[in-house]
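final_31.cif (mmCIF, C-alpha atoms)
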```
data_protein
#
loop_
_atom_site.label_atom_id
_atom_site.label_comp_id
_atom_site.auth_asym_id
_atom_site.auth_seq_id
_atom_site.Cartn_x
_atom_site.Cartn_y
_atom_site.Cartn_z
CA MET U 1 0.00 0.00 0.00
CA ILE U 2 2.58 2.55 1.09
CA ARG U 3 4.71 1.48 -1.81
CA LYS U 4 1.91 2.20 -4.29
CA ILE U 5 1.30 5.64 -2.76
CA THR U 6 5.00 6.43 -3.00
CA TYR U 7 5.12 5.37 -6.62
CA THR U 8 2.06 7.47 -7.43
CA ILE U 9 3.56 10.58 -5.86
CA PHE U 10 6.87 9.93 -7.60
CA LEU U 11 5.24 9.48 -11.00
CA SER U 12 3.06 12.56 -10.63
CA ILE U 13 6.13 14.65 -9.78
CA ILE U 14 7.78 13.35 -12.94
CA VAL U 15 4.75 14.12 -15.10
CA ALA U 16 4.48 17.65 -13.68
CA THR U 17 8.17 18.20 -14.39
CA LEU U 18 7.69 17.05 -17.97
CA ILE U 19 4.79 19.44 -18.55
CA LEU U 20 6.77 22.35 -17.11
CA PHE U 21 9.71 21.32 -19.28
CA PHE U 22 7.65 21.30 -22.48
CA VAL U 23 6.37 24.78 -21.72
CA ALA U 24 9.77 26.19 -20.82
CA PHE U 25 11.92 24.67 -23.59
CA PRO U 26 10.12 24.55 -26.95
CA PHE U 27 11.82 22.39 -29.55
CA GLY U 28 13.96 23.99 -32.24
CA LYS U 29 13.94 27.48 -30.78
CA ASN U 30 17.23 29.30 -30.35
CA LYS U 31 17.91 29.19 -26.60
CA MET U 32 21.65 29.84 -26.69
CA GLY U 33 23.22 31.63 -23.79
CA VAL U 34 26.92 31.08 -23.42
CA GLY U 35 26.89 28.93 -26.58
CA LYS U 36 26.63 32.04 -28.73
CA TYR U 37 29.79 33.45 -27.19
CA TYR U 38 31.63 30.17 -27.83
CA LEU U 39 30.47 30.04 -31.46
CA ASN U 40 31.44 33.64 -32.20
CA ASN U 41 34.85 33.58 -30.52
CA ASP U 42 35.95 30.00 -31.19
CA ILE U 43 38.18 30.62 -34.24
CA LYS U 44 39.84 33.64 -32.70
CA GLN U 45 40.45 32.17 -29.26
CA THR U 46 41.16 28.47 -29.81
CA GLY U 47 41.61 27.90 -33.56
CA ALA U 48 39.75 24.59 -33.45
CA ALA U 49 37.30 23.90 -36.28
CA ASN U 50 35.13 21.74 -34.05
CA VAL U 51 33.45 24.00 -31.51
CA VAL U 52 32.41 21.03 -29.35
CA THR U 53 36.08 20.12 -28.92
CA ALA U 54 36.87 23.73 -28.08
CA VAL U 55 34.19 23.72 -25.38
CA THR U 56 35.23 20.33 -24.03
CA LEU U 57 38.96 20.89 -23.89
CA ASP U 58 39.56 24.62 -23.85
CA TYR U 59 36.70 26.52 -22.24
CA ARG U 60 35.69 23.66 -19.92
CA GLY U 61 38.99 21.75 -19.86
CA LEU U 62 38.96 21.35 -16.10
CA ASP U 63 35.64 19.49 -16.34
CA THR U 64 37.22 17.06 -18.76
CA LEU U 65 40.06 16.44 -16.33
CA GLY U 66 37.47 15.69 -13.65
CA GLU U 67 35.62 13.40 -16.02
CA VAL U 68 38.77 11.43 -16.78
CA THR U 69 39.26 11.16 -13.02
CA VAL U 70 35.73 9.76 -12.62
CA LEU U 71 36.48 7.24 -15.37
CA PHE U 72 39.67 6.23 -13.57
CA ALA U 73 37.76 5.84 -10.30
CA ALA U 74 35.16 3.62 -11.98
CA ALA U 75 37.85 1.46 -13.61
CA ALA U 76 39.65 1.13 -10.28
CA GLY U 77 36.35 0.23 -8.61
CA VAL U 78 35.64 -2.53 -11.13
CA SER U 79 39.16 -3.84 -10.64
CA ILE U 80 38.86 -3.85 -6.84
CA LEU U 81 35.43 -5.50 -6.83
CA PHE U 82 36.55 -8.29 -9.13
CA TYR U 83 39.72 -8.73 -7.11
CA LEU U 84 37.58 -9.24 -4.01
CA ILE U 85 35.53 -12.05 -5.54
CA ASP U 86 38.50 -13.47 -7.37
CA GLN U 87 40.25 -14.74 -4.29
CA ASP U 88 38.08 -17.66 -3.26
CA LYS U 89 37.30 -19.10 -6.65
CA LYS U 90 39.37 -21.08 -9.10
CA LYS U 91 39.08 -20.04 -12.70
CA ARG U 92 36.96 -22.16 -14.97
CA GLU U 93 38.45 -22.97 -18.33
CA ARG U 94 36.20 -22.27 -21.24
CA GLN U 95 35.57 -25.37 -23.33
CA VAL U 96 34.29 -23.84 -26.57
CA TYR U 97 36.88 -22.12 -28.69
CA PRO U 98 36.05 -19.72 -31.53
CA ASN U 99 36.51 -21.05 -35.02
CA PHE U 100 39.32 -20.42 -37.45
CA ILE U 101 37.67 -17.49 -39.25
CA VAL U 102 37.19 -15.48 -36.06
CA ARG U 103 40.75 -16.09 -34.91
CA VAL U 104 42.45 -15.18 -38.21
CA GLY U 105 40.00 -12.40 -39.05
CA SER U 106 40.49 -10.69 -35.70
CA ARG U 107 44.23 -10.84 -36.18
CA ILE U 108 43.91 -9.12 -39.56
CA ILE U 109 41.37 -6.53 -38.46
CA PHE U 110 42.92 -5.54 -35.11
CA PRO U 111 45.61 -3.15 -36.49
CA PHE U 112 42.99 -1.43 -38.60
CA ILE U 113 40.80 -0.90 -35.55
CA LEU U 114 43.78 0.66 -33.78
CA LEU U 115 44.45 2.85 -36.84
CA PHE U 116 40.82 3.96 -37.04
CA GLY U 117 40.71 4.81 -33.34
CA SER U 118 43.96 6.79 -33.59
CA TYR U 119 42.63 8.63 -36.64
CA ILE U 120 39.53 9.61 -34.70
CA PHE U 121 41.35 10.98 -31.70
CA ILE U 122 44.10 12.70 -33.69
CA HIS U 123 41.50 14.55 -35.79
CA GLY U 124 39.34 15.39 -32.76
CA HIS U 125 39.64 19.15 -33.30
CA LEU U 126 38.60 18.95 -36.97
CA THR U 127 35.93 16.26 -37.24
CA PRO U 128 33.15 15.06 -34.94
CA GLY U 129 35.41 12.71 -33.05
CA GLY U 130 37.78 12.92 -30.15
CA GLY U 131 39.67 11.15 -27.45
CA PHE U 132 36.70 9.48 -25.82
CA GLN U 133 35.32 8.01 -29.04
CA GLY U 134 38.73 6.96 -30.35
CA GLY U 135 39.67 5.40 -27.03
CA SER U 136 36.42 3.42 -26.96
CA ILE U 137 37.09 2.12 -30.48
CA ILE U 138 40.57 0.99 -29.47
CA ALA U 139 39.12 -0.77 -26.41
CA SER U 140 36.58 -2.51 -28.66
CA GLY U 141 39.53 -3.86 -30.65
CA PHE U 142 40.87 -5.38 -27.43
CA LEU U 143 37.43 -6.86 -26.78
CA LEU U 144 37.58 -8.53 -30.20
CA LEU U 145 40.93 -10.07 -29.28
CA TYR U 146 39.51 -11.38 -26.00
CA LEU U 147 36.60 -12.98 -27.84
CA ALA U 148 38.85 -14.55 -30.45
CA TYR U 149 41.58 -15.81 -28.11
CA PRO U 150 40.12 -16.97 -24.81
CA GLY U 151 42.93 -17.80 -22.44
CA GLU U 152 45.09 -14.83 -23.40
CA ARG U 153 45.43 -11.56 -21.54
CA VAL U 154 46.85 -8.13 -22.20
CA ASN U 155 49.74 -6.97 -20.08
CA ARG U 156 48.12 -5.02 -17.26
CA LYS U 157 51.38 -3.35 -16.23
CA LYS U 158 51.84 -1.82 -19.67
CA LEU U 159 48.22 -0.67 -19.69
CA ALA U 160 48.73 1.01 -16.31
CA VAL U 161 51.92 2.72 -17.51
CA THR U 162 50.16 3.99 -20.66
CA GLU U 163 47.26 5.29 -18.63
CA GLY U 164 49.50 7.04 -16.11
CA LEU U 165 51.66 8.66 -18.77
CA ALA U 166 48.60 9.89 -20.65
CA GLY U 167 47.10 11.41 -17.51
CA LEU U 168 50.47 12.98 -16.68
CA THR U 169 50.65 14.52 -20.17
CA PHE U 170 47.25 16.13 -19.69
CA VAL U 171 48.17 17.59 -16.31
CA VAL U 172 51.66 18.73 -17.39
CA PHE U 173 50.37 20.51 -20.48
CA GLY U 174 47.71 22.12 -18.33
CA ALA U 175 50.27 23.17 -15.73
CA ILE U 176 52.59 24.74 -18.35
CA GLY U 177 49.74 27.15 -19.05
CA ILE U 178 50.02 28.48 -15.50
CA PHE U 179 53.55 29.73 -16.17
CA THR U 180 52.90 31.20 -19.62
CA GLY U 181 50.61 33.79 -21.06
CA ALA U 182 47.37 34.19 -19.16
CA HIS U 183 48.57 32.39 -16.00
CA SER U 184 45.65 29.99 -16.00
CA PHE U 185 45.40 26.21 -15.94
CA LEU U 186 45.05 24.68 -19.43
CA PHE U 187 45.93 27.95 -21.15
CA ASN U 188 46.33 27.42 -24.90
CA PHE U 189 49.95 28.52 -25.24
CA PHE U 190 50.87 26.94 -28.60
CA PRO U 191 50.40 28.88 -31.88
CA LYS U 192 46.88 28.47 -33.23
CA GLY U 193 47.83 27.65 -36.82
CA THR U 194 45.43 27.85 -39.73
CA LEU U 195 41.88 26.66 -39.40
CA ASN U 196 41.08 23.13 -40.59
CA MET U 197 44.71 21.98 -40.69
CA LEU U 198 45.96 19.04 -38.64
CA PHE U 199 48.52 21.17 -36.80
CA SER U 200 46.20 23.81 -35.49
CA ALA U 201 44.31 24.68 -32.32
CA GLY U 202 47.39 24.81 -30.08
CA ILE U 203 47.45 22.18 -27.35
CA LEU U 204 43.98 20.72 -28.03
CA PRO U 205 45.18 17.84 -30.29
CA ILE U 206 47.86 16.90 -27.74
CA LEU U 207 45.30 16.84 -24.95
CA TYR U 208 42.91 14.76 -27.04
CA ILE U 209 45.65 12.26 -27.91
CA ALA U 210 46.41 11.93 -24.20
CA ILE U 211 42.71 11.43 -23.45
CA GLY U 212 42.47 8.85 -26.24
CA PHE U 213 45.29 6.77 -24.78
CA LYS U 214 43.89 7.12 -21.27
CA VAL U 215 40.33 6.15 -22.17
CA GLY U 216 41.51 3.30 -24.39
CA SER U 217 43.71 1.78 -21.71
CA GLU U 218 41.07 2.26 -19.00
CA PHE U 219 38.31 0.63 -21.01
CA ALA U 220 40.71 -2.16 -22.01
CA GLY U 221 41.39 -2.69 -18.31
CA ILE U 222 37.65 -2.88 -17.56
CA ILE U 223 37.16 -5.35 -20.41
CA ASP U 224 40.08 -7.40 -19.11
CA ASP U 225 38.56 -7.52 -15.62
CA MET U 226 35.17 -8.55 -16.93
CA MET U 227 36.35 -11.11 -19.47
CA CYS U 228 38.72 -12.72 -17.00
CA GLN U 229 35.85 -13.62 -14.72
CA THR U 230 34.95 -16.47 -17.04
CA VAL U 231 37.09 -16.73 -20.09
CA CYS U 232 40.76 -16.05 -19.75
CA GLY U 233 43.36 -18.05 -17.90
CA GLY U 234 46.84 -16.82 -17.14
CA GLU U 235 47.98 -14.81 -14.16
CA LYS U 236 47.76 -11.06 -13.75
CA MET S 1 9.69 17.28 -31.52
CA ILE S 2 10.05 13.57 -32.22
CA PHE S 3 13.36 13.69 -30.32
CA TYR S 4 11.65 14.97 -27.18
CA VAL S 5 9.03 12.23 -27.41
CA GLY S 6 11.65 9.56 -28.01
CA ALA S 7 13.78 10.78 -25.13
CA PHE S 8 10.81 10.75 -22.76
CA ILE S 9 9.79 7.28 -23.91
CA LEU S 10 13.33 6.06 -23.24
CA ILE S 11 13.36 7.62 -19.79
CA ALA S 12 9.91 6.21 -19.00
CA VAL S 13 10.87 2.70 -20.08
CA GLY S 14 14.04 2.94 -17.99
CA LEU S 15 12.08 4.11 -14.93
CA TYR S 16 9.58 1.29 -15.44
CA ALA S 17 12.41 -1.22 -15.55
CA ILE S 18 14.00 0.19 -12.40
CA ILE S 19 10.76 0.32 -10.41
CA ILE S 20 8.91 -2.81 -11.54
CA LYS S 21 11.56 -5.34 -12.54
CA LYS S 22 13.06 -7.60 -9.93
CA ASN S 23 16.06 -8.84 -11.87
CA LEU S 24 19.23 -6.88 -11.21
CA VAL S 25 20.45 -7.12 -14.81
CA LYS S 26 17.17 -5.65 -16.04
CA ILE S 27 17.49 -2.85 -13.51
CA ILE S 28 20.94 -2.04 -14.92
CA ILE S 29 19.49 -2.02 -18.43
CA GLY S 30 16.89 0.43 -17.14
CA LEU S 31 19.66 2.66 -15.76
CA ASP S 32 21.35 2.68 -19.15
CA LEU S 33 18.08 3.49 -20.91
CA ILE S 34 17.56 6.46 -18.59
CA SER S 35 21.08 7.67 -19.29
CA SER S 36 20.57 7.36 -23.07
CA GLY S 37 17.24 9.16 -22.86
CA THR S 38 18.77 11.99 -20.87
CA ASN S 39 21.59 12.38 -23.38
CA LEU S 40 19.10 12.50 -26.26
CA LEU S 41 17.04 15.05 -24.36
CA ILE S 42 20.01 17.32 -23.65
CA VAL S 43 21.18 17.27 -27.27
CA SER S 44 17.69 17.94 -28.60
CA ILE S 45 17.27 20.90 -26.24
CA GLY S 46 20.28 22.48 -27.93
CA TYR S 47 18.86 22.01 -31.42
CA VAL S 48 18.13 25.15 -33.42
CA LYS S 49 15.73 24.84 -36.33
CA GLY S 50 17.65 24.54 -39.61
CA GLY S 51 21.01 24.59 -37.85
CA THR S 52 24.11 22.61 -38.82
CA ALA S 53 26.69 20.86 -36.68
CA PRO S 54 28.98 23.29 -34.81
CA ILE S 55 32.03 22.58 -36.96
CA PHE S 56 33.67 25.10 -39.28
CA SER S 57 34.30 22.36 -41.83
CA HIS S 58 34.33 24.57 -44.92
CA PRO S 59 34.31 28.33 -45.46
CA GLY S 60 30.86 29.81 -45.76
CA ILE S 61 29.51 28.31 -42.55
CA LEU S 62 28.71 31.14 -40.19
CA PRO S 63 28.28 30.92 -36.42
CA GLN S 64 24.65 32.00 -36.85
CA MET S 65 23.84 28.77 -38.71
CA MET S 66 24.99 26.42 -35.98
CA VAL S 67 23.26 24.59 -33.15
CA ASP S 68 24.26 25.07 -29.53
CA PRO S 69 27.65 23.38 -28.85
CA VAL S 70 27.40 23.36 -25.05
CA PRO S 71 24.81 20.53 -24.68
CA GLN S 72 26.80 18.40 -27.10
CA ALA S 73 29.97 18.87 -25.08
CA LEU S 74 28.04 18.02 -21.91
CA THR S 75 26.63 14.90 -23.54
CA LEU S 76 30.10 13.83 -24.63
CA THR S 77 31.02 13.92 -20.96
CA ALA S 78 27.84 12.17 -19.87
CA ILE S 79 28.19 9.26 -22.31
CA VAL S 80 31.61 8.31 -20.99
CA ILE S 81 30.50 8.67 -17.38
CA GLY S 82 27.45 6.53 -18.20
CA ALA S 83 29.59 3.79 -19.69
CA SER S 84 31.93 3.67 -16.69
CA GLU S 85 28.98 3.76 -14.29
CA LEU S 86 27.43 0.84 -16.16
CA ALA S 87 30.65 -1.14 -15.82
CA LEU S 88 30.78 -0.43 -12.08
CA ALA S 89 27.12 -1.45 -11.68
CA ALA S 90 27.79 -4.69 -13.56
CA ALA S 91 30.69 -5.38 -11.21
CA PHE S 92 28.40 -4.81 -8.23
CA VAL S 93 25.85 -7.22 -9.68
CA ALA S 94 28.57 -9.81 -10.20
CA ILE S 95 29.71 -9.52 -6.59
CA LEU S 96 26.08 -9.69 -5.35
CA TYR S 97 25.53 -12.81 -7.43
CA LYS S 98 28.63 -14.42 -5.98
CA HIS S 99 27.50 -13.53 -2.48
CA TYR S 100 23.80 -14.38 -2.61
CA GLY S 101 23.65 -16.84 -5.49
CA THR S 102 20.69 -15.07 -7.09
CA LEU S 103 19.90 -12.06 -9.22
CA ASP S 104 16.43 -11.59 -7.70
CA ILE S 105 16.38 -8.31 -5.81
CA ARG S 106 13.70 -9.62 -3.42
CA LYS S 107 16.07 -12.29 -2.14
CA VAL S 108 18.92 -9.86 -1.54
CA ARG S 109 18.61 -9.06 2.12
CA GLY S 110 19.31 -5.53 3.26
CA LEU S 111 17.99 -3.88 0.13
CA LYS S 112 14.25 -4.34 0.75
CA TRP S 113 12.19 -1.52 2.20
#
```

Here is a file; write its structure as structure tokens.
Amino acid sequence: MIRKITYTIFLSIIVATLILFFVAFPFGKNKMGVGKYYLNNDIKQTGAANVVTAVTLDYRGLDTLGEVTVLFAAAAGVSILFYLIDQDKKKRERQVYPNFIVRVGSRIIFPFILLFGSYIFIHGHLTPGGGFQGGSIIASGFLLLYLAYPGERVNRKKLAVTEGLAGLTFVVFGAIGIFTGAHSFLFNFFPKGTLNMLFSAGILPILYIAIGFKVGSEFAGIIDDMMCQTVCGGEK
Amino acid sequence: MIFYVGAFILIAVGLYAIIIKKNLVKIIIGLDLISSGTNLLIVSIGYVKGGTAPIFSHPGILPQMMVDPVPQALTLTAIVIGASELALAAAFVAILYKHYGTLDIRKVRGLKW
């Protein structure tokens, strides 16, 4: 009974919120506040063709650093939780192995997945891509390897080193900005270059490459933790 | 307009799954549906009628023709956070399953109210 009453109150609050929302934010109308400033000053201030990248890494770069930290915390949490339940149980060996086509095909396609992911995060300031998307694509390549070769693992130490170096690159390039120019964290101190060229937008491509490596290695670590619950043998 | 409706349907289905379903995996799927619906909602709030993507991909695109970039940047953040949150929730479900031997939320003591 009390549960039903609670649900009813909860649902009516949600419906009222929706109605208020529809009235306050009509679809397709120009509601830009700070977005207009970003659009008008993007080329002059950051030099990045993709305004979303400029917002993510330049205007709100500190938020992105926090987001990467949240991602790291989640990956560490997954690792710790699986370590806790790992201790009492012996690993089961998987009996069914993937067939020949999957094994050989994954071996052929894996470098191209890495290449595609790198392309996406290197061109993050020009095209609708970036470090997060490219890193996820790279991690999906690792997932393909895990599916094709049960019983194998990636080297977790190398993953951890990659992740740490990438995070360090982000922080160091942000900290250099404190000592140059505007004396602010993540100040864009490199020359802006010409619009729509690969070497443009100052430090934004470097930051996105760092984020790509960090996200890729973190997601690969999560995939490794999850797959190793059932599939892979080998020691950590 | 169809984006608003789709986003609300996604959120409603996710809420239904969280409230009604008793299986922990289905509850996690509901969480992910809510997160996807919220992302769709945020991006569609930033849409301007007739606008293009906020990328200066070739000369002739003016800032007046673009949609709002801020919700898209926020959504970029939210997608990654959602993925990592999903992984953490799956890890919690795995540890609960190891501990209780069931995925039924009614049989997990200490969570009932």

Expand the PyMOL selection byres ((chain S and resi 88-101) around 12) into the individual residues it matches in the shown file, reporting them as JSON, numbers by chain. {"U": [70, 71, 72, 73, 74, 75, 76, 77, 78, 79, 80, 81, 82, 83, 84, 85, 86, 87, 88, 89, 219, 222, 223, 225, 226, 227, 229, 230], "S": [23, 24, 25, 26, 27, 28, 29, 30, 31, 32, 81, 82, 83, 84, 85, 86, 87, 102, 103, 104, 105, 106, 107, 108, 109, 110, 111]}

Got a sec to pull out which chain S residues are within 6 Å of chain U, counting all atoms listed in the file, and send them as a PyMOL selection string? chain S and resi 1+47-49+54-56+63+68-70+73+84+88+91

Residue selection dump (C-alpha atoms) as an mmCIF file, keeping the file's coordinate frame:
```cif
data_model
loop_
_atom_site.group_PDB
_atom_site.id
_atom_site.type_symbol
_atom_site.label_atom_id
_atom_site.label_comp_id
_atom_site.auth_asym_id
_atom_site.auth_seq_id
_atom_site.Cartn_x
_atom_site.Cartn_y
_atom_site.Cartn_z
ATOM 1 C CA MET S 1 9.690 17.280 -31.520
ATOM 2 C CA TYR S 47 18.860 22.010 -31.420
ATOM 3 C CA VAL S 48 18.130 25.150 -33.420
ATOM 4 C CA LYS S 49 15.730 24.840 -36.330
ATOM 5 C CA PRO S 54 28.980 23.290 -34.810
ATOM 6 C CA ILE S 55 32.030 22.580 -36.960
ATOM 7 C CA PHE S 56 33.670 25.100 -39.280
ATOM 8 C CA PRO S 63 28.280 30.920 -36.420
ATOM 9 C CA ASP S 68 24.260 25.070 -29.530
ATOM 10 C CA PRO S 69 27.650 23.380 -28.850
ATOM 11 C CA VAL S 70 27.400 23.360 -25.050
ATOM 12 C CA ALA S 73 29.970 18.870 -25.080
ATOM 13 C CA SER S 84 31.930 3.670 -16.690
ATOM 14 C CA LEU S 88 30.780 -0.430 -12.080
ATOM 15 C CA ALA S 91 30.690 -5.380 -11.210
#
```

How would you write, as a PDB file with C-alpha atoms, keeping the file's coordinate frame, the residues chosen by the PyMOL selection byres ((chain U and resi 112-116) around 12) on this structure?
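File expr_8.pdb, as written:
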```pdb
ATOM      1  CA  GLY U 105      40.000 -12.400 -39.050  1.00  0.00           C
ATOM      2  CA  SER U 106      40.490 -10.690 -35.700  1.00  0.00           C
ATOM      3  CA  ARG U 107      44.230 -10.840 -36.180  1.00  0.00           C
ATOM      4  CA  ILE U 108      43.910  -9.120 -39.560  1.00  0.00           C
ATOM      5  CA  ILE U 109      41.370  -6.530 -38.460  1.00  0.00           C
ATOM      6  CA  PHE U 110      42.920  -5.540 -35.110  1.00  0.00           C
ATOM      7  CA  PRO U 111      45.610  -3.150 -36.490  1.00  0.00           C
ATOM      8  CA  GLY U 117      40.710   4.810 -33.340  1.00  0.00           C
ATOM      9  CA  SER U 118      43.960   6.790 -33.590  1.00  0.00           C
ATOM     10  CA  TYR U 119      42.630   8.630 -36.640  1.00  0.00           C
ATOM     11  CA  ILE U 120      39.530   9.610 -34.700  1.00  0.00           C
ATOM     12  CA  PHE U 121      41.350  10.980 -31.700  1.00  0.00           C
ATOM     13  CA  ILE U 122      44.100  12.700 -33.690  1.00  0.00           C
ATOM     14  CA  HIS U 123      41.500  14.550 -35.790  1.00  0.00           C
ATOM     15  CA  GLY U 129      35.410  12.710 -33.050  1.00  0.00           C
ATOM     16  CA  GLY U 130      37.780  12.920 -30.150  1.00  0.00           C
ATOM     17  CA  GLN U 133      35.320   8.010 -29.040  1.00  0.00           C
ATOM     18  CA  GLY U 134      38.730   6.960 -30.350  1.00  0.00           C
ATOM     19  CA  GLY U 135      39.670   5.400 -27.030  1.00  0.00           C
ATOM     20  CA  SER U 136      36.420   3.420 -26.960  1.00  0.00           C
ATOM     21  CA  ILE U 137      37.090   2.120 -30.480  1.00  0.00           C
ATOM     22  CA  ILE U 138      40.570   0.990 -29.470  1.00  0.00           C
ATOM     23  CA  ALA U 139      39.120  -0.770 -26.410  1.00  0.00           C
ATOM     24  CA  SER U 140      36.580  -2.510 -28.660  1.00  0.00           C
ATOM     25  CA  GLY U 141      39.530  -3.860 -30.650  1.00  0.00           C
ATOM     26  CA  PHE U 142      40.870  -5.380 -27.430  1.00  0.00           C
ATOM     27  CA  LEU U 143      37.430  -6.860 -26.780  1.00  0.00           C
ATOM     28  CA  LEU U 144      37.580  -8.530 -30.200  1.00  0.00           C
ATOM     29  CA  LEU U 145      40.930 -10.070 -29.280  1.00  0.00           C
ATOM     30  CA  GLY U 212      42.470   8.850 -26.240  1.00  0.00           C
ATOM     31  CA  PHE U 213      45.290   6.770 -24.780  1.00  0.00           C
ATOM     32  CA  GLY U 216      41.510   3.300 -24.390  1.00  0.00           C
TER      33      GLY U 216
END
```

Please provide the set of residues having any atom within 9 Å of S:Gln72, restricted to only C-alpha atoms, with same-chain residues fewer than 5 positions apart removed, written as JSON, numbers by chain. {"U": [52], "S": [39, 42, 43, 46, 77]}

Same residues, C-alpha atoms, saved as a PDB file, in the frame of the given file:
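This is the output file out37.pdb:
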```pdb
ATOM      1  CA  VAL U  52      32.410  21.030 -29.350  1.00  0.00           C
TER       2      VAL U  52
ATOM      3  CA  ASN S  39      21.590  12.380 -23.380  1.00  0.00           C
ATOM      4  CA  ILE S  42      20.010  17.320 -23.650  1.00  0.00           C
ATOM      5  CA  VAL S  43      21.180  17.270 -27.270  1.00  0.00           C
ATOM      6  CA  GLY S  46      20.280  22.480 -27.930  1.00  0.00           C
ATOM      7  CA  THR S  77      31.020  13.920 -20.960  1.00  0.00           C
TER       8      THR S  77
END
```

One-decimal distance in Å that lies between atom CA of S:Gly50 and atom CA of U:Thr17: 27.7 Å

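Taking atom CA of U:Lys44 as the reference point, atom CA of U:Gly177 is found at 18.1 Å.
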
Can you sort out the box for stretch 25-35 of chain S, edges along x, y and z, all listed atoms in, 5 Å on every side, with centre and edge lengths in Å to one decimal, as AutoDock Vina command-line options?
```
--center_x 19.1 --center_y 0.3 --center_z -17.2 --size_x 14.5 --size_y 24.8 --size_z 17.4
```

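Atom CA of S:Phe3 is positioned 15.7 Å from atom CA of U:Val23.
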
From the options U:Ile209, U:Gly202, U:Phe21, U:Leu65, which residue's atoms come nearest to S:Tyr4, counting all atoms listed in the file? U:Phe21

Compile the contact shell of U:Lys158 as JSON, numbers by chain: residues with an atom at most 12 Å away, counting all atoms listed in the file, same-chain residues fewer than 4 positions apart removed. {"U": [153, 154, 162, 163, 164, 165, 213, 217, 218, 220, 221, 236]}

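Among the candidate residues S:Ala78, S:Ile45, S:Gly51, S:Ser35, the one lying nearest to S:Met65 is S:Gly51, with distances computed using all atoms listed in the file.
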